[in-house]
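Colleague: Got work_24.txt for you, compact mmCIF, C-alpha atoms:
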```txt
# COMPACT_ATOMS: atom_id res chain seq x y z
CA MET A 248 10.29 -2.93 19.29
CA GLY A 249 11.16 0.27 17.56
CA VAL A 250 11.21 2.32 14.40
CA TYR A 251 13.55 1.19 11.64
CA SER A 252 14.51 3.54 8.83
CA VAL A 253 14.64 1.90 5.40
CA GLN A 254 17.72 2.74 3.33
CA HIS A 255 17.20 1.72 -0.31
CA THR A 256 19.14 3.97 -2.68
CA THR A 257 17.65 2.63 -5.92
CA ALA A 258 14.05 2.88 -4.67
CA TRP A 259 14.75 6.37 -3.29
CA GLU A 260 16.13 7.56 -6.64
CA ARG A 261 13.12 6.09 -8.51
CA TYR A 262 10.79 7.74 -6.01
CA ASN A 263 12.39 11.17 -6.50
CA ILE A 264 12.22 10.89 -10.30
CA ALA A 265 8.49 10.09 -9.97
CA LYS A 266 8.08 12.99 -7.52
CA ARG A 267 9.59 15.46 -10.00
CA ARG A 268 7.35 14.10 -12.79
CA ILE A 269 4.21 14.45 -10.67
CA ALA A 270 5.26 17.95 -9.56
CA ARG A 271 5.64 18.92 -13.26
CA ASP A 272 2.22 17.41 -14.05
CA ASN A 273 0.73 19.29 -11.12
CA ALA A 274 2.23 22.63 -12.19
CA SER A 275 0.70 22.30 -15.66
CA ILE A 276 -2.97 22.04 -14.58
CA ASP A 277 -5.40 24.88 -13.86
CA GLU A 278 -6.12 23.81 -10.27
CA PRO A 279 -2.94 22.27 -8.86
CA VAL A 280 -3.17 20.18 -5.68
CA THR A 281 -1.53 21.60 -2.59
CA ARG A 282 0.36 18.45 -1.64
CA ILE A 283 1.54 15.54 -3.76
CA GLU A 284 2.97 13.35 -1.01
CA GLU A 285 1.38 11.61 2.00
CA MET A 286 2.68 9.38 4.76
CA MET A 287 0.46 6.30 4.86
CA TRP A 288 0.30 2.81 6.37
CA HIS A 289 0.82 -0.53 4.64
CA GLY A 290 0.57 -4.02 6.14
CA THR A 291 2.31 -7.06 4.72
CA SER A 292 0.31 -9.85 6.41
CA THR A 293 2.53 -12.94 6.31
CA SER A 294 5.44 -11.44 4.36
CA THR A 295 8.37 -9.99 6.31
CA PRO A 296 8.35 -6.17 5.85
CA ARG A 297 12.16 -5.97 5.76
CA VAL A 298 12.40 -8.44 2.86
CA ILE A 299 9.74 -6.51 0.94
CA CYS A 300 11.33 -3.11 1.61
CA GLU A 301 14.82 -4.23 0.69
CA GLY A 302 13.86 -6.15 -2.48
CA SER A 303 15.07 -4.86 -5.83
CA ASP A 304 11.65 -3.35 -6.59
CA GLY A 305 10.75 -2.16 -3.09
CA LEU A 306 7.00 -2.40 -2.61
CA ASP A 307 5.62 -4.11 -5.68
CA PHE A 308 1.91 -4.63 -6.36
CA ARG A 309 2.76 -7.80 -8.29
CA MET A 310 3.90 -9.33 -5.00
CA VAL A 311 0.77 -8.46 -3.01
CA ARG A 312 -0.13 -11.37 -0.77
CA SER A 313 -3.76 -10.62 0.05
CA VAL A 314 -6.07 -7.89 -1.10
CA LEU A 315 -9.33 -6.32 -0.07
CA SER A 316 -12.30 -7.33 -2.17
CA SER A 317 -15.92 -6.28 -2.12
CA LYS A 318 -16.63 -9.85 -1.02
CA PRO A 319 -15.67 -10.50 2.63
CA ARG A 320 -12.79 -12.92 2.06
CA VAL A 321 -9.08 -12.93 1.35
CA HIS A 322 -7.77 -13.69 -2.14
CA TRP A 323 -4.22 -14.99 -2.39
CA ILE A 324 -2.28 -13.25 -5.13
CA ALA A 325 1.25 -14.51 -4.68
CA ASP A 326 3.33 -16.63 -2.37
CA VAL A 327 6.87 -15.53 -1.66
CA ALA A 328 9.32 -18.20 -0.54
CA VAL A 329 13.08 -17.88 -0.81
CA GLY A 330 12.78 -15.26 -3.54
CA VAL A 331 10.51 -17.37 -5.76
CA VAL A 332 7.14 -15.96 -6.81
CA ALA A 333 4.29 -18.22 -7.87
CA PHE A 334 1.36 -16.21 -9.21
CA ASN A 335 -2.19 -17.43 -8.96
CA LEU A 336 -3.59 -16.11 -12.23
CA GLN A 337 -7.15 -16.83 -11.09
CA SER A 338 -6.91 -14.23 -8.33
CA ARG A 339 -9.15 -11.21 -8.16
CA ALA A 340 -8.00 -7.69 -7.58
CA GLY A 341 -8.93 -5.51 -4.61
CA LEU A 342 -11.57 -2.81 -4.34
CA TYR A 343 -9.67 -0.58 -6.76
CA GLY A 344 -7.92 -3.13 -8.96
CA ARG A 345 -4.33 -4.40 -8.89
CA GLY A 346 -2.24 -1.76 -7.19
CA LEU A 347 -0.44 -0.85 -3.98
CA TYR A 348 -2.94 -0.12 -1.21
CA PHE A 349 -2.29 2.30 1.65
CA ALA A 350 -4.45 3.28 4.60
CA GLU A 351 -4.73 6.59 6.42
CA ARG A 352 -5.25 4.77 9.72
CA ALA A 353 -2.68 2.45 11.30
CA ALA A 354 -5.47 0.73 13.26
CA TYR A 355 -6.97 -0.53 10.00
CA CYS A 356 -3.66 -2.07 8.91
CA HIS A 357 -3.05 -3.45 12.40
CA GLU A 358 -6.41 -5.23 12.50
CA ASN A 359 -6.19 -6.74 9.03
CA PHE A 360 -2.65 -6.78 7.63
CA ALA A 361 -0.03 -6.42 10.39
CA TYR A 362 2.89 -8.82 10.12
CA SER A 363 3.22 -10.98 13.25
CA VAL A 364 6.83 -11.40 14.34
CA PRO A 365 7.61 -15.13 14.61
CA CYS A 366 8.07 -16.66 18.08
CA THR A 367 6.28 -13.79 19.80
CA GLN A 368 2.73 -13.48 21.01
CA LEU A 369 2.07 -9.80 20.53
CA ARG A 370 4.78 -8.17 18.35
CA LYS A 371 3.59 -6.71 15.06
CA ARG A 372 5.15 -4.77 12.17
CA LEU A 373 3.73 -2.23 9.72
CA ILE A 374 5.31 -0.12 7.00
CA TYR A 375 4.94 3.67 7.20
CA ALA A 376 5.55 4.84 3.65
CA ARG A 377 5.89 7.97 1.58
CA VAL A 378 3.21 7.81 -1.12
CA LEU A 379 3.08 10.14 -4.12
CA VAL A 380 -0.67 10.64 -4.31
CA GLY A 381 -0.45 13.57 -6.72
CA ARG A 382 -3.84 14.40 -8.19
CA GLU A 383 -6.26 11.95 -6.57
CA TYR A 384 -9.35 10.48 -8.22
CA ASP A 385 -11.86 10.07 -5.38
CA LEU A 386 -14.34 7.21 -5.74
CA GLY A 387 -15.88 7.76 -2.30
CA THR A 388 -17.37 4.46 -1.13
CA ASP A 389 -17.81 3.14 -4.68
CA THR A 390 -15.40 0.47 -5.86
CA GLU A 391 -13.91 -0.46 -9.23
CA GLU A 392 -12.12 -3.82 -9.14
CA THR A 393 -10.99 -3.68 -12.78
CA LEU A 394 -8.66 -0.67 -12.48
CA THR A 395 -5.06 -1.08 -13.59
CA LYS A 396 -4.21 2.63 -13.44
CA PRO A 397 -5.92 5.89 -12.47
CA PRO A 398 -7.95 7.82 -15.08
CA PRO A 399 -5.98 10.17 -17.39
CA GLY A 400 -4.77 13.26 -15.55
CA TYR A 401 -4.72 11.53 -12.14
CA HIS A 402 -1.92 9.83 -10.21
CA SER A 403 -3.84 7.76 -7.64
CA ILE A 404 -7.25 6.50 -6.56
CA VAL A 405 -8.68 7.27 -3.13
CA GLY A 406 -11.82 5.92 -1.55
CA GLY A 407 -13.58 4.81 1.56
CA PRO A 408 -13.72 4.57 4.39
CA HIS A 409 -13.91 0.81 3.99
CA LYS A 410 -13.74 -2.12 6.39
CA PHE A 411 -11.86 -5.28 5.43
CA ASN A 412 -14.97 -7.40 6.04
CA ALA A 413 -18.24 -7.36 7.96
CA ASP A 414 -16.55 -8.53 11.18
CA SER A 415 -13.90 -5.78 11.14
CA ARG A 416 -14.02 -3.00 13.71
CA GLU A 417 -11.66 -0.60 11.96
CA ALA A 418 -12.32 1.33 8.75
CA SER A 419 -10.04 3.66 6.83
CA ARG A 420 -9.86 5.76 3.71
CA MET A 421 -7.43 4.25 1.26
CA CYS A 422 -5.10 5.35 -1.46
CA VAL A 423 -4.05 3.10 -4.33
CA VAL A 424 -1.15 3.74 -6.68
CA TYR A 425 -0.31 1.64 -9.72
CA ASP A 426 3.33 2.61 -10.19
CA ASN A 427 5.89 1.18 -7.74
CA ALA A 428 8.00 4.32 -8.12
CA GLN A 429 5.26 6.33 -6.36
CA VAL A 430 6.09 4.63 -3.06
CA TYR A 431 9.08 4.75 -0.75
CA PRO A 432 8.79 2.54 2.34
CA GLN A 433 10.33 5.01 4.78
CA TYR A 434 9.94 3.13 8.07
CA ILE A 435 9.18 -0.28 9.49
CA ILE A 436 7.37 0.13 12.79
CA GLU A 437 7.59 -2.74 15.28
CA TYR A 438 5.23 -2.55 18.23
CA GLU A 439 3.54 -4.71 20.78
CA LYS A 440 -0.18 -5.26 20.57
CA GLY A 441 -2.02 -4.33 23.75
CA CYS A 442 -4.33 -6.82 25.38
```
Once you've parsed the file, please lay out its structure as structure tokens.

Modeller:
Amino acid sequence: MGVYSVQHTTAWERYNIAKRRIARDNASIDEPVTRIEEMMWHGTSTSTPRVICEGSDGLDFRMVRSVLSSKPRVHWIADVAVGVVAFNLQSRAGLYGRGLYFAERAAYCHENFAYSVPCTQLRKRLIYARVLVGREYDLGTDTEETLTKPPPGYHSIVGGPHKFNADSREASRMCVVYDNAQVYPQYIIEYEKGC
């Protein structure tokens, strides 16, 4: 158990280029936002967080394994096995389209998307990531499953709080970004689930 710092030079450089771009965008509007970056939680379900964080693209929405939908079920988007990706083109997007989803609350990710460490009963892993939210477009509790990017002038979509399904106990506000460069997976957190 512990906190593991991710060291990915290429992803870090891409992230900082995106951060400078969003800061420039923010400086050019009449009402700039006070912060453009948030630390948020991301679960990887059955995919090993380390493999995802160290991949050539870092976190990549095209590799999302399961997503949240307005219907209470899981949709499989891609299977990752030995570096091979097989896309299911019939898959639906999540509540806010095909993007990278992050939660404000770790408990939400733990309940629905925590990676279970093999050969252990209670060990889990989550990613704690830097997310360039920039100017957020807030949908509240409404959803829009057809989104592929935020509206012009915005950098991310936020909404919620949402539960994964009707049986879930935990709810969280979410942030979705549609550009991999807007995310740097800073830490992998390994912890033991309490009874």

Colleague: With all atoms listed in the file as the counted atoms, please give the residues lying no more than 10 Å from segment 277-286 of chain A, apart from itself and same-chain residues fewer than 3 positions off, as a list in words.

Modeller: Lys266, Ile269, Ala270, Asp272, Asn273, Ala274, Phe349, Ala350, Glu351, Tyr375, Ala376, Arg377, Val378, Leu379, Val380, Gly381, Arg382, Glu383, His402, Cys422, Gln429, Val430, Tyr431, Pro432 and Gln433 of chain A

Colleague: Report, in Å with one decimal, the straight-line distance from atom CA of Ala258 of chain A to atom CA of Ser303 of chain A.

Modeller: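 Atom-to-atom, atom CA of Ala258 of chain A to atom CA of Ser303 of chain A, that is 7.9 Å.
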
Colleague: Which residue out of A:Asn427, A:Asn412, A:Thr291, A:Thr388 has the minimum interatomic distance to Arg372 of chain A when all atoms listed in the file are used?

Modeller: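 Looking only at the distances to Arg372 of chain A, the closest residue turns out to be A:Thr291.
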
Colleague: Give me, please, the distance in Å between atom CA of Tyr434 of chain A and atom CA of Gly302 of chain A, quoted to one decimal.

Modeller: 14.6 Å

Colleague: Using only C-alpha atoms for the distances, tell me which of A:Val424, A:Cys366, A:Ile264, A:Ile436 is nearest to Thr395 of chain A.

Modeller: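 Nearest to Thr395 of chain A: A:Val424.
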
Colleague: As an exercise, work out the distance from atom CA of Thr256 of chain A to atom CA of Thr295 of chain A in Å and give it to one decimal place.

Modeller: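 Between these atoms lies a distance of 19.8 Å.
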
Colleague: Choose the residue, out of A:Pro399, A:Ile435, A:Gly407, A:Thr367, that has the smallest atom-to-atom separation from Ile299 of chain A; count all atoms listed in the file.

Modeller: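 For Ile299 of chain A, the nearest of the candidates is A:Ile435.
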
Colleague: Just write segment 364-404 of chain A with C-alpha atoms, as a PDB file, in the first residue's frame, taken from the block above.

Modeller:
```pdb
ATOM      1  CA  VAL A 364      -5.006  -5.798  -7.030  1.00  0.00           C
ATOM      2  CA  PRO A 365      -4.766  -9.464  -8.106  1.00  0.00           C
ATOM      3  CA  CYS A 366      -4.279 -12.127  -5.416  1.00  0.00           C
ATOM      4  CA  THR A 367      -5.504  -9.848  -2.644  1.00  0.00           C
ATOM      5  CA  GLN A 368      -8.878  -9.572  -0.994  1.00  0.00           C
ATOM      6  CA  LEU A 369      -9.028  -5.895  -0.146  1.00  0.00           C
ATOM      7  CA  ARG A 370      -6.268  -3.937  -1.964  1.00  0.00           C
ATOM      8  CA  LYS A 371      -7.473  -1.314  -4.427  1.00  0.00           C
ATOM      9  CA  ARG A 372      -5.849   1.318  -6.668  1.00  0.00           C
ATOM     10  CA  LEU A 373      -7.062   4.681  -7.956  1.00  0.00           C
ATOM     11  CA  ILE A 374      -5.388   7.408  -9.994  1.00  0.00           C
ATOM     12  CA  TYR A 375      -5.188  10.912  -8.509  1.00  0.00           C
ATOM     13  CA  ALA A 376      -4.668  13.156 -11.523  1.00  0.00           C
ATOM     14  CA  ARG A 377      -4.031  16.748 -12.459  1.00  0.00           C
ATOM     15  CA  VAL A 378      -6.892  17.826 -14.734  1.00  0.00           C
ATOM     16  CA  LEU A 379      -6.894  21.044 -16.749  1.00  0.00           C
ATOM     17  CA  VAL A 380     -10.536  22.004 -16.326  1.00  0.00           C
ATOM     18  CA  GLY A 381     -10.063  25.537 -17.643  1.00  0.00           C
ATOM     19  CA  ARG A 382     -13.389  27.190 -18.343  1.00  0.00           C
ATOM     20  CA  GLU A 383     -16.017  24.626 -17.350  1.00  0.00           C
ATOM     21  CA  TYR A 384     -19.397  24.174 -19.019  1.00  0.00           C
ATOM     22  CA  ASP A 385     -21.733  23.100 -16.201  1.00  0.00           C
ATOM     23  CA  LEU A 386     -24.621  20.837 -17.193  1.00  0.00           C
ATOM     24  CA  GLY A 387     -25.815  20.338 -13.615  1.00  0.00           C
ATOM     25  CA  THR A 388     -27.681  17.032 -13.436  1.00  0.00           C
ATOM     26  CA  ASP A 389     -28.568  17.070 -17.138  1.00  0.00           C
ATOM     27  CA  THR A 390     -26.664  14.707 -19.414  1.00  0.00           C
ATOM     28  CA  GLU A 391     -25.570  14.835 -23.055  1.00  0.00           C
ATOM     29  CA  GLU A 392     -24.292  11.473 -24.292  1.00  0.00           C
ATOM     30  CA  THR A 393     -23.415  12.724 -27.781  1.00  0.00           C
ATOM     31  CA  LEU A 394     -20.656  15.161 -26.775  1.00  0.00           C
ATOM     32  CA  THR A 395     -17.239  14.756 -28.375  1.00  0.00           C
ATOM     33  CA  LYS A 396     -15.853  18.070 -27.113  1.00  0.00           C
ATOM     34  CA  PRO A 397     -16.991  20.968 -24.926  1.00  0.00           C
ATOM     35  CA  PRO A 398     -18.898  23.886 -26.489  1.00  0.00           C
ATOM     36  CA  PRO A 399     -16.783  26.649 -28.111  1.00  0.00           C
ATOM     37  CA  GLY A 400     -15.008  28.761 -25.502  1.00  0.00           C
ATOM     38  CA  TYR A 401     -14.961  25.972 -22.887  1.00  0.00           C
ATOM     39  CA  HIS A 402     -12.311  23.411 -21.971  1.00  0.00           C
ATOM     40  CA  SER A 403     -14.321  20.815 -20.022  1.00  0.00           C
ATOM     41  CA  ILE A 404     -17.791  19.657 -19.035  1.00  0.00           C
TER      42      ILE A 404
END
```
